[in-house]
Amino acid sequence: MSDDAAYTASVVGGTGFTGGELLRLLAGHPEFEVVQATSRSKENKTVGHAHPNLRDLDLRFSSPEDLESVDALFAATPHGVSMEQIDEFRDAAETVVDLSADFRLDTEDQYDEWYDGHSRPELLDESVYALPELTRDELPGADLIASGGCNATATILGLKPLVEEGILTGDEQIVVDVKVGSSEGGAGGGEASSHPERSGVVRPYAPTGHRHEAEIEQFLGLDVSFTVHAVDMIRGASATCHVFPGEPVSKGDLWGAYRGEYGEEPFVELVAGGGGVYRYPEPKAVAGTNRAEVGFELDPGNRRLVVFSAIDNMMKGSAGQAVHAANVALGIEETAGLEFGGLHPVGAP
Ligand SMILES: NC(=O)c1ccc[n+]([C@@H]2O[C@H](COP(=O)([O-])OP(=O)(O)OC[C@H]3O[C@@H](n4cnc5c(N)ncnc54)[C@H](OP(=O)(O)O)[C@@H]3O)[C@@H](O)[C@H]2O)c1
């Protein structure tokens with residue numbers, strides 16, 4: 001924690017997986033001082049009790065009913081909590097960054113279709129969707145930020161350059177398969193997430209109807225056929241997007257599209273069939289970091305384009321993305337607190 005921190009921050013839902021990652025990032029951030037982390041189940045326990053990697057953080061969990069005044073409040077709570085408590089959050093903080101899906105979609109109808117409705121639909125116009133590489137211009141000064149979902153982030157980062165370049169126009173068939181790690185289910189998990197049940201799986205988790213499909217289609221303006229598999233990783237989301245362009249594309253077109261979109265981005269790397277072991281994007285290569293890897297390959301004859309995108313769901317897919325968004329919103333150096341480059345080699349992330 002920096003003595004010269006310019007902004008105070010709190011984490012609501014501090015015992016959870018993304019809450020722990022937020023605390024790790026904010027504690028090491030040069031411009032933030034964490035003054036509160038909340039928990040109902042571990043009130044008065046130290047942060048290290050839930051997150052052993054943070055044992056040196058001198059902070060105890062407090063009740064979410066006693067929110068302190070801060071510059072930025074990060075809500076890392078299950079879907080439905082933020083929309084119910086948004087007034088309390090906004091009373092406590094100038095800037096609210098929500099990691100849940102509560103403010104990501106544009107309309108009440110979408111929440112009726114994909115979730116269980118919305119209790120504060122009038123706020124949907126106010127919230128800014130945060131996938132900073134693509135919504136950077138909307139973030140400065142934003143006070144209600146909806147951090148993009150993990151599987152959606154991986155997919156959108158993979159496909160967006162093709163939309164921008166006119167390679168995808170909305171008429172093409174797009175099939176997306178995302179493989180995800182167990183931490184996506186949160187610290188609570190459930191029967192399917194217990195170690196004996198989850199270990200070793202390649203399980204079709206959401207063959208159709210995954211809620212992130214709504215977010216992806218909203219952001220890209222395209223129909224996608226979307227499937228999610230639960231696989232034997234702890235961290236990571238790996239999107240494979242099968243695309244059948246209407247017109248032939250070349251590798252040169254693709255490099256142009258992806259370099260044009262991400263060439264200057266600090267957190268997106270193009271990994272597309274080079275040498276070495278890691279020739280295409282892999283979650284293992286970005287574990288613990290805020291980096292995304294994006295790459296592609298063409299079928300012989302250039303009929304099918306396969307796009308790959310890999311992130312750490314708890315970093316680029318949530319906590320890292322949320323801190324990145326807060327940096328931009330508050331006018332802090334974009335990369336502040338997010339420059340950790342990862343470890344190699346590591347075990348299964
Ligand atoms: N896990 C991921 O990879 C990921 C990625 C992107 C987005 N997200 C989203 O981020 C949010 C958090 O996910 P997570 O995986 O960190 O969940 P999690 O591990 O289950 O943690 C949830 C946290 O919220 C607290 N909480 C639960 N109900 C609450 C309530 N009514 N009021 C206040 N606090 C409450 C819990 O602690 P107490 O019960 O002790 O209060 C816990 O600290 C979710 O909306 C999730 O969809 C997660």
# chains A, B, ... in the order shown; residues from 1 in each chain; ligands from 1

call {"tool": "residues_near_ligand", "arguments": {"ligand": "ligand 1", "cutoff": "6 Å", "atoms": "only C-alpha atoms and all ligand atoms", "output": "number ranges by chain"}}
result
A: 12-19, 39-42, 64, 76-79, 81, 99-100, 149-150, 183-188, 313-314, 317-318

call {"tool": "write_last_selection", "arguments": {"atoms": "N, CA and C atoms", "output": "compact mmCIF listing (two decimals), in the first residue's frame"}}
result
# COMPACT_ATOMS: atom_id res chain seq x y z
N VAL A 12 -16.40 -4.55 -1.86
CA VAL A 12 -17.58 -5.23 -1.29
C VAL A 12 -17.58 -6.65 -1.87
N GLY A 13 -17.62 -7.63 -0.99
CA GLY A 13 -17.46 -9.02 -1.45
C GLY A 13 -16.00 -9.39 -1.43
N GLY A 14 -15.31 -8.99 -0.35
CA GLY A 14 -13.85 -9.13 -0.29
C GLY A 14 -13.37 -10.55 -0.07
N THR A 15 -14.24 -11.46 0.36
CA THR A 15 -13.77 -12.83 0.59
C THR A 15 -13.80 -13.68 -0.67
N GLY A 16 -14.47 -13.20 -1.71
CA GLY A 16 -14.62 -14.01 -2.92
C GLY A 16 -13.35 -14.07 -3.75
N PHE A 17 -13.41 -14.83 -4.81
CA PHE A 17 -12.22 -14.99 -5.66
C PHE A 17 -11.85 -13.67 -6.34
N THR A 18 -12.82 -13.00 -6.93
CA THR A 18 -12.46 -11.74 -7.61
C THR A 18 -12.19 -10.65 -6.57
N GLY A 19 -12.87 -10.74 -5.42
CA GLY A 19 -12.59 -9.78 -4.35
C GLY A 19 -11.15 -9.91 -3.88
N SER A 39 -17.36 -8.43 4.26
CA SER A 39 -17.84 -9.82 4.24
C SER A 39 -18.89 -9.96 5.32
N ARG A 40 -19.94 -10.71 5.00
CA ARG A 40 -20.94 -11.03 6.03
C ARG A 40 -20.49 -12.27 6.80
N SER A 41 -19.84 -13.20 6.11
CA SER A 41 -19.51 -14.48 6.75
C SER A 41 -18.19 -14.43 7.52
N LYS A 42 -17.31 -13.49 7.21
CA LYS A 42 -15.99 -13.44 7.87
C LYS A 42 -15.74 -12.07 8.51
N PRO A 64 -20.89 -5.27 5.13
CA PRO A 64 -21.29 -4.43 4.00
C PRO A 64 -22.39 -3.44 4.37
N ALA A 76 -17.78 -6.83 -5.82
CA ALA A 76 -17.44 -8.17 -6.34
C ALA A 76 -18.43 -9.16 -5.75
N THR A 77 -19.68 -8.88 -5.94
CA THR A 77 -20.77 -9.64 -5.32
C THR A 77 -21.55 -10.42 -6.38
N PRO A 78 -22.30 -11.43 -5.96
CA PRO A 78 -23.06 -12.21 -6.94
C PRO A 78 -24.09 -11.36 -7.68
N HIS A 79 -24.48 -11.86 -8.84
CA HIS A 79 -25.50 -11.17 -9.63
C HIS A 79 -26.72 -10.86 -8.78
N VAL A 81 -26.96 -8.48 -6.39
CA VAL A 81 -26.67 -7.71 -5.17
C VAL A 81 -26.50 -6.23 -5.51
N LEU A 99 -18.43 -5.63 -10.71
CA LEU A 99 -17.89 -6.77 -11.47
C LEU A 99 -18.99 -7.74 -11.90
N SER A 100 -20.18 -7.57 -11.38
CA SER A 100 -21.26 -8.50 -11.73
C SER A 100 -21.89 -8.09 -13.05
N GLY A 149 -17.85 -9.14 -18.61
CA GLY A 149 -17.79 -10.53 -18.13
C GLY A 149 -16.59 -11.27 -18.72
N CYS A 150 -16.17 -12.31 -18.03
CA CYS A 150 -14.93 -13.01 -18.41
C CYS A 150 -15.03 -13.68 -19.79
N SER A 183 -12.44 -21.39 -11.13
CA SER A 183 -12.62 -20.17 -10.35
C SER A 183 -13.73 -19.30 -10.91
N GLU A 184 -14.17 -19.57 -12.13
CA GLU A 184 -15.31 -18.80 -12.67
C GLU A 184 -16.55 -18.98 -11.82
N GLY A 185 -16.63 -20.10 -11.13
CA GLY A 185 -17.83 -20.36 -10.33
C GLY A 185 -17.83 -19.66 -8.99
N GLY A 186 -16.76 -18.95 -8.65
CA GLY A 186 -16.70 -18.24 -7.38
C GLY A 186 -16.28 -19.15 -6.24
N ALA A 187 -15.99 -18.51 -5.10
CA ALA A 187 -15.48 -19.25 -3.95
C ALA A 187 -16.53 -20.19 -3.37
N GLY A 188 -17.79 -19.84 -3.53
CA GLY A 188 -18.86 -20.70 -3.01
C GLY A 188 -18.94 -22.00 -3.78
N ASN A 313 -9.49 -15.33 -16.14
CA ASN A 313 -10.85 -14.84 -15.84
C ASN A 313 -10.89 -13.94 -14.62
N MET A 314 -9.97 -14.14 -13.66
CA MET A 314 -10.02 -13.31 -12.46
C MET A 314 -9.19 -12.03 -12.61
N GLY A 317 -10.43 -10.83 -17.02
CA GLY A 317 -11.87 -11.11 -17.08
C GLY A 317 -12.66 -10.54 -15.91
N SER A 318 -12.00 -9.89 -14.95
CA SER A 318 -12.76 -9.30 -13.83
C SER A 318 -11.94 -8.27 -13.06

call {"tool": "residues_around", "arguments": {"residues": "Phe308 (chain A)", "least_positions_apart": "4", "cutoff": "10 Å", "atoms": "only C-alpha atoms", "output": "list of chain:residue names"}}
result
A:Ala154, A:Thr155, A:Leu157, A:Gly158, A:Leu159, A:Val176, A:Asp177, A:Val178, A:Ser238, A:Ala239, A:Thr240, A:Cys241, A:His242, A:Leu270, A:Val271, A:Ala272, A:Tyr280, A:Pro281, A:Glu282, A:Glu293, A:Val294, A:Gly295, A:Phe296, A:Glu297

call {"tool": "residues_around", "arguments": {"residues": "Asn302 (chain A)", "least_positions_apart": "2", "cutoff": "12 Å", "atoms": "only C-alpha atoms", "output": "PyMOL selection string"}}
result
chain A and resi 243-254+296-300+304-306

call {"tool": "write_last_selection", "arguments": {"atoms": "C-alpha atoms", "output": "PDB file, in the first residue's frame"}}
result
ATOM      1  CA  VAL A 243     -15.841 -17.867 -38.388  1.00  0.00           C
ATOM      2  CA  PHE A 244     -16.861 -18.364 -42.015  1.00  0.00           C
ATOM      3  CA  PRO A 245     -16.244 -15.044 -43.776  1.00  0.00           C
ATOM      4  CA  GLY A 246     -18.410 -14.193 -46.765  1.00  0.00           C
ATOM      5  CA  GLU A 247     -15.384 -13.038 -48.759  1.00  0.00           C
ATOM      6  CA  PRO A 248     -11.962 -14.716 -48.746  1.00  0.00           C
ATOM      7  CA  VAL A 249      -9.493 -13.186 -46.308  1.00  0.00           C
ATOM      8  CA  SER A 250      -5.728 -13.521 -46.228  1.00  0.00           C
ATOM      9  CA  LYS A 251      -3.310 -13.685 -43.338  1.00  0.00           C
ATOM     10  CA  GLY A 252      -2.159 -10.216 -44.345  1.00  0.00           C
ATOM     11  CA  ASP A 253      -5.728  -8.908 -43.947  1.00  0.00           C
ATOM     12  CA  LEU A 254      -5.905 -10.483 -40.522  1.00  0.00           C
ATOM     13  CA  PHE A 296      -5.899 -16.645 -35.449  1.00  0.00           C
ATOM     14  CA  GLU A 297      -5.371 -19.304 -38.095  1.00  0.00           C
ATOM     15  CA  LEU A 298      -6.879 -19.918 -41.530  1.00  0.00           C
ATOM     16  CA  ASP A 299      -8.012 -23.191 -43.046  1.00  0.00           C
ATOM     17  CA  PRO A 300      -6.219 -24.164 -46.233  1.00  0.00           C
ATOM     18  CA  ARG A 304     -12.749 -21.027 -42.183  1.00  0.00           C
ATOM     19  CA  LEU A 305     -11.050 -18.551 -39.906  1.00  0.00           C
ATOM     20  CA  VAL A 306     -10.319 -19.714 -36.356  1.00  0.00           C
TER      21      VAL A 306
END

call {"tool": "residues_around", "arguments": {"residues": "His212 (chain A)", "least_positions_apart": "2", "cutoff": "10 Å", "atoms": "only C-alpha atoms", "output": "list in words"}}
result
Ala101, Arg104, Leu105, Trp114, Gly148, Gly149, Cys150, Asn151, Ala152, Thr153, Thr155, Gly209, His210, Ala214, Glu215, Ile216, Glu217, Gln218, Phe226, Thr227 and Val228 of chain A

call {"tool": "write_last_selection", "arguments": {"atoms": "N, CA and C atoms", "output": "short mmCIF file (atom, residue, chain, number, x, y, z; two decimals), in the first residue's frame"}}
result
data_model
loop_
_atom_site.label_atom_id
_atom_site.label_comp_id
_atom_site.auth_asym_id
_atom_site.auth_seq_id
_atom_site.Cartn_x
_atom_site.Cartn_y
_atom_site.Cartn_z
N ALA A 101 -22.90 -8.85 -13.45
CA ALA A 101 -23.57 -8.56 -14.73
C ALA A 101 -24.69 -7.54 -14.57
N ARG A 104 -24.41 -4.48 -17.07
CA ARG A 104 -23.72 -4.63 -18.36
C ARG A 104 -24.63 -4.50 -19.57
N LEU A 105 -25.87 -4.93 -19.43
CA LEU A 105 -26.76 -4.92 -20.59
C LEU A 105 -27.50 -3.58 -20.66
N TRP A 114 -32.63 -12.72 -20.34
CA TRP A 114 -31.42 -13.50 -20.00
C TRP A 114 -31.23 -13.72 -18.51
N GLY A 148 -16.73 -5.78 -17.86
CA GLY A 148 -17.17 -6.83 -18.79
C GLY A 148 -16.99 -8.23 -18.23
N GLY A 149 -17.85 -9.14 -18.61
CA GLY A 149 -17.79 -10.53 -18.13
C GLY A 149 -16.59 -11.27 -18.72
N CYS A 150 -16.17 -12.31 -18.03
CA CYS A 150 -14.93 -13.01 -18.41
C CYS A 150 -15.03 -13.68 -19.79
N ASN A 151 -16.04 -14.51 -19.97
CA ASN A 151 -16.15 -15.21 -21.26
C ASN A 151 -16.48 -14.22 -22.38
N ALA A 152 -17.26 -13.21 -22.03
CA ALA A 152 -17.58 -12.18 -23.02
C ALA A 152 -16.32 -11.41 -23.41
N THR A 153 -15.49 -11.08 -22.43
CA THR A 153 -14.26 -10.33 -22.73
C THR A 153 -13.37 -11.12 -23.68
N THR A 155 -14.18 -13.43 -25.79
CA THR A 155 -14.81 -13.54 -27.10
C THR A 155 -14.78 -12.20 -27.85
N GLY A 209 -27.35 -21.04 -24.52
CA GLY A 209 -28.06 -20.19 -23.57
C GLY A 209 -27.21 -19.56 -22.48
N HIS A 210 -25.88 -19.59 -22.61
CA HIS A 210 -25.05 -18.92 -21.59
C HIS A 210 -25.33 -17.42 -21.61
N ALA A 214 -25.60 -12.73 -24.46
CA ALA A 214 -26.31 -11.45 -24.59
C ALA A 214 -25.32 -10.29 -24.65
N GLU A 215 -24.32 -10.36 -23.79
CA GLU A 215 -23.32 -9.29 -23.71
C GLU A 215 -22.49 -9.22 -25.00
N ILE A 216 -22.14 -10.38 -25.50
CA ILE A 216 -21.32 -10.45 -26.71
C ILE A 216 -22.11 -9.89 -27.90
N GLU A 217 -23.34 -10.33 -28.03
CA GLU A 217 -24.15 -9.88 -29.17
C GLU A 217 -24.45 -8.39 -29.07
N GLN A 218 -24.68 -7.92 -27.85
CA GLN A 218 -24.93 -6.49 -27.67
C GLN A 218 -23.72 -5.68 -28.10
N PHE A 226 -22.94 -19.83 -29.06
CA PHE A 226 -21.98 -19.75 -27.96
C PHE A 226 -22.11 -20.96 -27.03
N THR A 227 -20.98 -21.61 -26.76
CA THR A 227 -20.96 -22.78 -25.87
C THR A 227 -19.82 -22.62 -24.88
N VAL A 228 -20.04 -23.06 -23.65
CA VAL A 228 -18.98 -22.99 -22.63
C VAL A 228 -18.72 -24.39 -22.07
#

call {"tool": "select_by_dssp", "arguments": {"residues": "region 158-285 of chain A", "states": "alpha helix (DSSP H)", "output": "number ranges by chain"}}
result
A: 158-164, 195-198, 212-220, 251-262, 283-285

call {"tool": "write_last_selection", "arguments": {"atoms": "N, CA, C and O atoms", "output": "tab-separated table (two decimals), in the first residue's frame"}}
result
chain	number	residue	atom	x	y	z
A	158	GLY	N	-11.47	-11.24	-29.20
A	158	GLY	CA	-11.12	-12.03	-30.39
A	158	GLY	C	-11.82	-11.55	-31.65
A	158	GLY	O	-11.21	-11.50	-32.72
A	159	LEU	N	-13.08	-11.19	-31.53
A	159	LEU	CA	-13.88	-10.93	-32.74
A	159	LEU	C	-13.94	-9.45	-33.15
A	159	LEU	O	-14.19	-9.15	-34.32
A	160	LYS	N	-13.75	-8.56	-32.19
A	160	LYS	CA	-13.97	-7.14	-32.49
A	160	LYS	C	-13.14	-6.63	-33.69
A	160	LYS	O	-13.68	-5.89	-34.54
A	161	PRO	N	-11.88	-6.97	-33.80
A	161	PRO	CA	-11.12	-6.45	-34.96
A	161	PRO	C	-11.72	-6.87	-36.30
A	161	PRO	O	-11.62	-6.13	-37.29
A	162	LEU	N	-12.37	-8.03	-36.33
A	162	LEU	CA	-12.98	-8.49	-37.58
A	162	LEU	C	-14.20	-7.66	-37.93
A	162	LEU	O	-14.52	-7.44	-39.10
A	163	VAL	N	-14.89	-7.18	-36.89
A	163	VAL	CA	-16.04	-6.31	-37.12
A	163	VAL	C	-15.55	-4.95	-37.61
A	163	VAL	O	-16.04	-4.40	-38.59
A	164	GLU	N	-14.55	-4.44	-36.93
A	164	GLU	CA	-14.02	-3.12	-37.30
A	164	GLU	C	-13.50	-3.11	-38.73
A	164	GLU	O	-13.61	-2.12	-39.44
A	195	HIS	N	-13.87	-30.64	-5.67
A	195	HIS	CA	-12.67	-31.16	-6.34
A	195	HIS	C	-12.89	-32.53	-7.00
A	195	HIS	O	-12.54	-32.71	-8.16
A	196	PRO	N	-13.51	-33.49	-6.30
A	196	PRO	CA	-13.67	-34.81	-6.95
A	196	PRO	C	-14.53	-34.75	-8.20
A	196	PRO	O	-14.32	-35.52	-9.14
A	197	GLU	N	-15.52	-33.86	-8.22
A	197	GLU	CA	-16.39	-33.78	-9.38
A	197	GLU	C	-15.78	-32.97	-10.50
A	197	GLU	O	-16.01	-33.22	-11.68
A	198	ARG	N	-15.00	-31.98	-10.14
A	198	ARG	CA	-14.50	-31.05	-11.15
A	198	ARG	C	-13.17	-31.50	-11.75
A	198	ARG	O	-12.87	-31.25	-12.93
A	212	HIS	N	-23.63	-14.84	-21.09
A	212	HIS	CA	-22.68	-13.92	-21.72
A	212	HIS	C	-22.94	-13.74	-23.21
A	212	HIS	O	-22.43	-12.81	-23.83
A	213	GLU	N	-23.74	-14.65	-23.79
A	213	GLU	CA	-24.10	-14.49	-25.20
A	213	GLU	C	-24.78	-13.13	-25.42
A	213	GLU	O	-24.55	-12.46	-26.43
A	214	ALA	N	-25.60	-12.73	-24.46
A	214	ALA	CA	-26.31	-11.45	-24.59
A	214	ALA	C	-25.32	-10.29	-24.65
A	214	ALA	O	-25.47	-9.35	-25.45
A	215	GLU	N	-24.32	-10.36	-23.79
A	215	GLU	CA	-23.32	-9.29	-23.71
A	215	GLU	C	-22.49	-9.22	-25.00
A	215	GLU	O	-22.19	-8.14	-25.51
A	216	ILE	N	-22.14	-10.38	-25.50
A	216	ILE	CA	-21.32	-10.45	-26.71
A	216	ILE	C	-22.11	-9.89	-27.90
A	216	ILE	O	-21.60	-9.06	-28.67
A	217	GLU	N	-23.34	-10.33	-28.03
A	217	GLU	CA	-24.15	-9.88	-29.17
A	217	GLU	C	-24.45	-8.39	-29.07
A	217	GLU	O	-24.45	-7.67	-30.07
A	218	GLN	N	-24.68	-7.92	-27.85
A	218	GLN	CA	-24.93	-6.49	-27.67
A	218	GLN	C	-23.72	-5.68	-28.10
A	218	GLN	O	-23.83	-4.69	-28.81
A	219	PHE	N	-22.56	-6.12	-27.66
A	219	PHE	CA	-21.36	-5.32	-27.92
A	219	PHE	C	-20.92	-5.40	-29.36
A	219	PHE	O	-20.51	-4.40	-29.96
A	220	LEU	N	-20.98	-6.59	-29.95
A	220	LEU	CA	-20.47	-6.75	-31.32
A	220	LEU	C	-21.53	-6.46	-32.38
A	220	LEU	O	-21.20	-6.22	-33.54
A	251	LYS	N	-4.01	-13.94	-44.61
A	251	LYS	CA	-3.31	-13.69	-43.34
A	251	LYS	C	-2.92	-12.22	-43.22
A	251	LYS	O	-2.95	-11.63	-42.14
A	252	GLY	N	-2.54	-11.63	-44.36
A	252	GLY	CA	-2.16	-10.22	-44.35
A	252	GLY	C	-3.33	-9.34	-43.90
A	252	GLY	O	-3.15	-8.41	-43.11
A	253	ASP	N	-4.54	-9.67	-44.39
A	253	ASP	CA	-5.73	-8.91	-43.95
A	253	ASP	C	-5.88	-9.02	-42.44
A	253	ASP	O	-6.20	-8.05	-41.75
A	254	LEU	N	-5.67	-10.24	-41.95
A	254	LEU	CA	-5.91	-10.48	-40.52
A	254	LEU	C	-4.86	-9.79	-39.66
A	254	LEU	O	-5.19	-9.14	-38.66
A	255	TRP	N	-3.60	-9.90	-40.05
A	255	TRP	CA	-2.57	-9.19	-39.30
A	255	TRP	C	-2.88	-7.69	-39.29
A	255	TRP	O	-2.73	-7.01	-38.27
A	256	GLY	N	-3.33	-7.17	-40.44
A	256	GLY	CA	-3.66	-5.74	-40.51
A	256	GLY	C	-4.78	-5.39	-39.55
A	256	GLY	O	-4.71	-4.39	-38.83
A	257	ALA	N	-5.81	-6.24	-39.53
A	257	ALA	CA	-6.96	-5.96	-38.65
A	257	ALA	C	-6.55	-6.01	-37.18
A	257	ALA	O	-6.89	-5.11	-36.39
A	258	TYR	N	-5.82	-7.04	-36.81
A	258	TYR	CA	-5.49	-7.22	-35.38
A	258	TYR	C	-4.41	-6.22	-34.92
A	258	TYR	O	-4.48	-5.68	-33.81
A	259	ARG	N	-3.44	-5.97	-35.80
A	259	ARG	CA	-2.43	-4.96	-35.41
A	259	ARG	C	-3.06	-3.58	-35.33
A	259	ARG	O	-2.73	-2.78	-34.46
A	260	GLY	N	-3.98	-3.31	-36.25
A	260	GLY	CA	-4.65	-2.01	-36.24
A	260	GLY	C	-5.41	-1.80	-34.94
A	260	GLY	O	-5.41	-0.71	-34.36
A	261	GLU	N	-6.05	-2.83	-34.44
A	261	GLU	CA	-6.86	-2.70	-33.23
A	261	GLU	C	-6.00	-2.72	-31.96
A	261	GLU	O	-6.23	-1.97	-31.02
A	262	TYR	N	-5.01	-3.60	-31.94
A	262	TYR	CA	-4.32	-3.86	-30.67
A	262	TYR	C	-2.83	-3.50	-30.66
A	262	TYR	O	-2.16	-3.71	-29.64
A	283	PRO	N	-4.38	-19.76	-21.79
A	283	PRO	CA	-4.57	-19.18	-20.45
A	283	PRO	C	-3.35	-19.31	-19.56
A	283	PRO	O	-3.04	-18.43	-18.77
A	284	LYS	N	-2.63	-20.42	-19.69
A	284	LYS	CA	-1.46	-20.63	-18.83
A	284	LYS	C	-0.44	-19.51	-19.00
A	284	LYS	O	0.25	-19.14	-18.05
A	285	ALA	N	-0.34	-18.99	-20.20
A	285	ALA	CA	0.66	-17.95	-20.47
A	285	ALA	C	0.29	-16.59	-19.88
A	285	ALA	O	1.14	-15.70	-19.82

call {"tool": "decode", "arguments": {"residues": "region 226-241 of chain A", "atoms": "N, CA, C and O atoms", "output": "compact mmCIF listing (two decimals), in the first residue's frame"}}
result
# COMPACT_ATOMS: atom_id res chain seq x y z
N PHE A 226 -22.94 -19.83 -29.06
CA PHE A 226 -21.98 -19.75 -27.96
C PHE A 226 -22.11 -20.96 -27.03
O PHE A 226 -23.21 -21.29 -26.58
N THR A 227 -20.98 -21.61 -26.76
CA THR A 227 -20.96 -22.78 -25.87
C THR A 227 -19.82 -22.62 -24.88
O THR A 227 -18.76 -22.09 -25.23
N VAL A 228 -20.04 -23.06 -23.65
CA VAL A 228 -18.98 -22.99 -22.63
C VAL A 228 -18.72 -24.39 -22.07
O VAL A 228 -19.66 -25.11 -21.72
N HIS A 229 -17.44 -24.75 -22.02
CA HIS A 229 -17.01 -26.00 -21.39
C HIS A 229 -16.27 -25.70 -20.10
O HIS A 229 -15.41 -24.81 -20.08
N ALA A 230 -16.57 -26.45 -19.05
CA ALA A 230 -15.77 -26.40 -17.83
C ALA A 230 -14.63 -27.40 -17.99
O ALA A 230 -14.88 -28.57 -18.27
N VAL A 231 -13.39 -26.92 -17.86
CA VAL A 231 -12.24 -27.83 -18.03
C VAL A 231 -11.37 -27.78 -16.77
O VAL A 231 -11.59 -26.99 -15.87
N ASP A 232 -10.37 -28.64 -16.75
CA ASP A 232 -9.56 -28.82 -15.55
C ASP A 232 -8.47 -27.76 -15.43
O ASP A 232 -7.30 -28.03 -15.61
N MET A 233 -8.91 -26.53 -15.21
CA MET A 233 -8.01 -25.42 -14.89
C MET A 233 -8.62 -24.74 -13.67
O MET A 233 -9.81 -24.87 -13.43
N ILE A 234 -7.80 -23.97 -12.95
CA ILE A 234 -8.36 -23.14 -11.89
C ILE A 234 -8.65 -21.75 -12.45
O ILE A 234 -9.75 -21.23 -12.33
N ARG A 235 -7.64 -21.18 -13.10
CA ARG A 235 -7.81 -19.87 -13.73
C ARG A 235 -7.83 -20.03 -15.24
O ARG A 235 -7.10 -20.87 -15.77
N GLY A 236 -8.57 -19.16 -15.90
CA GLY A 236 -8.43 -19.09 -17.34
C GLY A 236 -9.73 -19.21 -18.10
O GLY A 236 -10.66 -19.91 -17.69
N ALA A 237 -9.79 -18.47 -19.20
CA ALA A 237 -10.87 -18.61 -20.17
C ALA A 237 -10.22 -18.57 -21.54
O ALA A 237 -9.43 -17.66 -21.84
N SER A 238 -10.52 -19.58 -22.34
CA SER A 238 -9.91 -19.70 -23.66
C SER A 238 -11.03 -19.79 -24.70
O SER A 238 -11.77 -20.77 -24.70
N ALA A 239 -11.14 -18.77 -25.52
CA ALA A 239 -12.22 -18.74 -26.52
C ALA A 239 -11.68 -19.20 -27.87
O ALA A 239 -10.62 -18.74 -28.32
N THR A 240 -12.40 -20.12 -28.50
CA THR A 240 -12.12 -20.52 -29.88
C THR A 240 -13.33 -20.12 -30.71
O THR A 240 -14.45 -20.58 -30.45
N CYS A 241 -13.11 -19.24 -31.67
CA CYS A 241 -14.22 -18.70 -32.47
C CYS A 241 -14.06 -19.19 -33.90
O CYS A 241 -13.05 -18.88 -34.56
